[in-house]
Amino acid sequence: MNVLLVVLAFWLPGLVFGAAIRLRGWLLAAAAPLLTFGVVSLAVPVLGGLGIRWNVLDVALWTLVLSAVGFGLSFLVLRFTARRHPDWAEKDAAAASPARSLRDHLLMGAGVLVGSLIGIVTFLRGARGLNQVQQGWDAPFHANLVRWIAEHGDARPSTVGTIANLPGQTNYFYPDTYHALLALVFDKAGLAMMPTLNMAALTVILCVPIGVAAMCHVWRMPPLAVAAAAAVSASFTNFPYDSLWRGPLWPYVAGVALIPAALALARLLLEPRGLAGPVAIGVAVAGLIGLHTSVAFVVVVYFLLILFAVLLKFERIDWRRSAPSLAATVVLAVVCGLPLALPSLYNAGGVTSAFWASDATVSGGLGETITFSPMAAFPQWWIGVPAIIGIFLLAKHRRMVWMVAAYVVFGGLFAATVSLETPLIHTLTGIFYNDHWRIGALVPLAGAVAFGEFTDTAARWFAGKAGSRLPNVRPATLIAVGVVLLAVVVGGLSRGGYIGRNAARLQLNYSGGPTVSNDERQAFGWLAAHVAPGERVMNGKADGSVWMYALNGVQPVEWTFYGAESNTPAGYLGVFLNDINKYPRVRQELTNLKVRYVFVGSGHVTATTKNGVGLDHLESDPGFKLVFRNPGASVYEIEGQQGVVTAGAAPGSAAGHGK
């Protein structure tokens with residue numbers, strides 16, 4: 001049950017803060033994780049700058065302080081508004097949410113439950129539980145970052161350069177709000193690294209159905225459409241599953257999953273409720289930037305499209321009533337977001353210069369967009385076709401037309417970047433690493449909303465047709481029958497919302513190897529029992545050894561699959577380690593780094609990524625004594641390096657049979 005700490009960490013701070021600023025109902029429930037990340041994002045520079053340690057107690061106190069300030073400001077603004085504009089209070093109460101019956105709320109809740117169950121079953125089948133190591137390229141970096149923050153008590157990005165092979169580089173930047181939150185629960189109540197990471201990924205999936213439901217609810221979708229959109233929201237392959245096996249892009253996935261909640265909050269700009277809108281959106285912007293800077297740009301595009309919809313009178317607004325709220329939102333978004341975004345300029349060139357070759361023809365890219373199946377070998381016909389019909393229905397009914405426009409913008413951008421290579425496309429997609437997979441992840445949200453619209457329209461059409469033949473049957477009953485028939489057809493043909501297909505995608509990188517095998521994990525455990533505090537282990541960049549710190553707390557010399565620069569001690573040792581008796585500098589660097597052991601694993605992260613040549617043929621060098629071996633890993637003790645150990649190291653075991 002300790003994994004439930006992750007769910008609690010996602011929701012509890014945001015629930016406290018959101019309730020304090022007077023968010024309620026579906027909006028509060030969906031926005032809570034987004035507000036949690038916002039609270040954490042703001043806490044990172046403030047607590048770090050004040051020298052306050054990053055731990056559960058101090059972050060909890062920060063949350064309470066921020067919530068108290070938000071409650072006080074909200075109270076004062078509502079009181080001031082009630083005195084100056086007593087007529088607005090009645091309008092605010094009427095606009096608080098669409099009139100829904102208990103049956104409507106239960107229906108929407110059922111949709112969220114179905115979507116959540118699809119996500120849970122898919123993830124657990126694909127990840128084979130919560131203990132498997134994700135074998136992807138980015139996974140060890142994220143894992144190392146979580147442990148580093150937890151152990152060092154400082155979540156500022158400028159303090160984590162070591163795990164990126166950049167020790168002491170104080171201008172280093174990587175958005176680490178996701179990791180900072182997980183660091184608060186990691187190792188609590190025995191919560192190990194992989195359950196922490198995997199449960200966090202699953203919790204992110206759970207944010208999607210409730211976020212979609214809240215967004216569709218506040219933007220006046222019919223209850224049935226809300227329920228259907230939520231139910232199907234966790235069935236699209238490209239998001240969230242492709243971004244969870246490929247990479248994995250855990251922080252980016254979290255940011256995209258919380259976009260629906262941000263769009264639900266946007267409704268408060270058209271129908272203000274005191275300071276709830278400006279404060280919540282300001283904190284939400286901080287959270288999205290802290291998760292992944294590119295997601296904030298996506299939300300800006302959505303907000304601009306909503307603005308255009310308002311200007312074209314597709315959405316109603318009382319400008320006199322909303323103007324102060326809009327101005328306050330802009331100010332708070334800049335105040336909360338800009339200080340977090342500016343450090344990202346450090347790595348802006350590296351992000352925008354990334355390159356991914358095209359994966360489709362122009363017609364293929366358009367086809368993937370139309371069927372809501374980006375980067376799929378075979379379209380998701382049974383939800384894609386209803387969804388594209390739903391896009392036209394949304395336009396026809398003039399309902400959430402800004403979502404239709406977003407589908408055109410992001411879908412068109414995906415179709416272009418997956419099939420064309422031009423300077424303009426590279427400029428437009430630069431903030432996404434020019435990666436069509438990331439852009440494709442933005443398309444399914446419109447698909448879920450459109451599927452909901454199709455379901456509602458189709459069920460009502462069926463009820464109308466059947467009603468003329470069965471006049472004694474209640475319309476609600478006929479609508480329910482239509483929904484059941486549609487669910488049976490779509491659910492059956494898609495095999496339960498594409499659970500098997502999406503689980504198979506996840507299994508691509510939850511396979512028990514080859515990067516990190518059980519043999520290597522056993523070797524990490526041996527090292528943890530024998531390495532002294534402050535000592536590091538020499539390792540290669542290509543095998544699973546970059547995981548030894550995240551999983552067992554043993555610090556490696558090479559931290560990432562990219563490897564250290566050649567002009568660094570780690571880079572030098574990777575080339576010349578087995579020349580220890582030839583070049584005195586080798587032993588000097590080993591001594592400076594406090595290295596006594598060398599780890600060599602058999603599995604590599606990719607077929608083309610290799611360890612440095614300095615780790616080759618150690619078994620034939622008398623300077624390296626084999627102290628542990630199993631079929632997948634070997635550990636050598638370097639002769640003459642015993643002196644680097646401080647206190648507390650256990651002696652090496654018998655050669656070749658370490659346990």
# chains A, B, ... in the order shown; residues from 1 in each chain; ligands from 1
$ residues_around --residues "stretch 463-469 of chain A" --least-positions-apart "4" --cutoff "9 Å" --atoms "only C-alpha atoms" --output "PDB file with C-alpha atoms, in the first residue's frame"
ATOM      1  CA  ALA A 458     -25.172   8.956 -32.197  1.00  0.00           C
ATOM      2  CA  ALA A 459     -27.067   7.899 -29.059  1.00  0.00           C
ATOM      3  CA  VAL A 473     -40.311   3.708 -24.130  1.00  0.00           C
ATOM      4  CA  ARG A 474     -38.704   6.662 -22.375  1.00  0.00           C
ATOM      5  CA  PRO A 475     -36.125   8.598 -24.466  1.00  0.00           C
ATOM      6  CA  ALA A 476     -33.548   8.239 -21.680  1.00  0.00           C
ATOM      7  CA  THR A 477     -33.898   4.465 -21.896  1.00  0.00           C
ATOM      8  CA  LEU A 478     -33.417   4.502 -25.646  1.00  0.00           C
ATOM      9  CA  ILE A 479     -30.353   6.709 -25.294  1.00  0.00           C
ATOM     10  CA  ALA A 480     -28.946   4.253 -22.760  1.00  0.00           C
ATOM     11  CA  VAL A 481     -29.589   1.373 -25.162  1.00  0.00           C
ATOM     12  CA  GLY A 482     -27.809   3.300 -27.916  1.00  0.00           C
TER      13      GLY A 482
END
$ select_by_dssp --residues "stretch 12-151 of chain A" --states "alpha helix (DSSP H)" --output "ChimeraX atom specification"
/A:12-20,25-49,56-84,86-95,102-127,139-151
$ closest_atom_pairs --of "stretch 185-304 of chain A" --to "stretch 505-510 of chain A" --cutoff "9 Å" --atoms "only C-alpha atoms" --output "CSV"
residue,atom,partner,partner_atom,distance
A:Thr237,CA,A:Arg505,CA,8.1
A:Tyr241,CA,A:Leu506,CA,6.4
A:Asp242,CA,A:Arg505,CA,6.9
A:Leu244,CA,A:Leu506,CA,7.0
A:Trp245,CA,A:Leu506,CA,5.0
A:Arg246,CA,A:Asn509,CA,7.6
A:Pro248,CA,A:Asn509,CA,8.9
$ closest_residue --among "A:His436, A:Phe37, A:Ala286, A:Ala192" --to "A:Asn131" --atoms "only C-alpha atoms"
A:Ala192
$ closest_atom_pairs --of "stretch 253-311 of chain A" --to "stretch 213-228 of chain A" --cutoff "12 Å" --atoms "only C-alpha atoms" --output "CSV"
residue,atom,partner,partner_atom,distance
A:Leu258,CA,A:Met215,CA,10.6
A:Ile259,CA,A:Met215,CA,9.4
A:Pro260,CA,A:Met215,CA,5.7
A:Ala261,CA,A:Met215,CA,6.3
A:Ala262,CA,A:Met215,CA,8.3
A:Leu263,CA,A:Met215,CA,6.2
A:Ala264,CA,A:Met215,CA,4.2
A:Leu265,CA,A:Met215,CA,8.0
A:Ala266,CA,A:Met215,CA,9.1
A:Arg267,CA,A:Val218,CA,6.8
A:Leu268,CA,A:Val218,CA,9.2
A:Leu269,CA,A:Val218,CA,11.9
A:Leu270,CA,A:Trp219,CA,10.5
A:Glu271,CA,A:Val218,CA,10.3
A:Ile306,CA,A:Trp219,CA,11.1
$ residues_around --residues "A:Leu305" --least-positions-apart "2" --cutoff "12 Å" --atoms "only C-alpha atoms" --output "list in words"
Leu263, Ala266, Val298, Val299, Val300, Val301, Tyr302, Phe303, Leu307, Phe308, Ala309, Val310, Leu311, Leu312, Phe314, Glu315, Met400, Val401, Trp402, Met403, Val404, Ala405, Ala406, Tyr407, Val408, Val409 and Phe410 of chain A
$ closest_residue --among "A:Leu50, A:Val65, A:Leu413, A:Val204" --to "A:Leu428" --atoms "only C-alpha atoms"
A:Leu413
$ closest_residue --among "A:Gly500, A:Pro251, A:Gly563, A:Gly640" --to "A:Ala143" --atoms "only C-alpha atoms"
A:Pro251
$ residues_around --residues "A:Pro514" --least-positions-apart "5" --cutoff "10 Å" --atoms "only C-alpha atoms" --output "ChimeraX atom specification"
/A:135,509,520,543-544,601-606,632
$ write_last_selection --atoms "C-alpha atoms" --output "PDB file, in the first residue's frame"
ATOM      1  CA  GLN A 135      14.891   0.041 -20.134  1.00  0.00           C
ATOM      2  CA  ASN A 509      10.843  -1.249 -22.687  1.00  0.00           C
ATOM      3  CA  GLU A 520      23.074  -6.574 -13.047  1.00  0.00           C
ATOM      4  CA  ASP A 543      25.415  -0.922 -19.983  1.00  0.00           C
ATOM      5  CA  GLY A 544      22.926  -0.797 -17.150  1.00  0.00           C
ATOM      6  CA  GLY A 601      27.660  -5.388 -17.623  1.00  0.00           C
ATOM      7  CA  SER A 602      26.744  -7.519 -20.623  1.00  0.00           C
ATOM      8  CA  GLY A 603      23.593  -5.735 -21.834  1.00  0.00           C
ATOM      9  CA  HIS A 604      23.778  -2.404 -23.680  1.00  0.00           C
ATOM     10  CA  VAL A 605      21.121   0.283 -24.072  1.00  0.00           C
ATOM     11  CA  THR A 606      21.355   0.160 -27.889  1.00  0.00           C
ATOM     12  CA  GLY A 632      25.217 -10.751 -16.769  1.00  0.00           C
TER      13      GLY A 632
END
$ closest_atom_pairs --of "stretch 143-202 of chain A" --to "stretch 7-15 of chain A" --cutoff "10 Å" --atoms "only C-alpha atoms" --output "JSON lines"
{"residue": "A:Tyr178", "atom": "CA", "partner": "A:Phe10", "partner_atom": "CA", "distance": 9.9}
{"residue": "A:Leu181", "atom": "CA", "partner": "A:Ala9", "partner_atom": "CA", "distance": 7.3}
{"residue": "A:Leu182", "atom": "CA", "partner": "A:Ala9", "partner_atom": "CA", "distance": 7.9}
{"residue": "A:Leu184", "atom": "CA", "partner": "A:Ala9", "partner_atom": "CA", "distance": 8.2}
{"residue": "A:Val185", "atom": "CA", "partner": "A:Ala9", "partner_atom": "CA", "distance": 7.4}
{"residue": "A:Met199", "atom": "CA", "partner": "A:Val7", "partner_atom": "CA", "distance": 8.0}
{"residue": "A:Ala200", "atom": "CA", "partner": "A:Val7", "partner_atom": "CA", "distance": 7.5}
{"residue": "A:Leu202", "atom": "CA", "partner": "A:Val7", "partner_atom": "CA", "distance": 9.2}
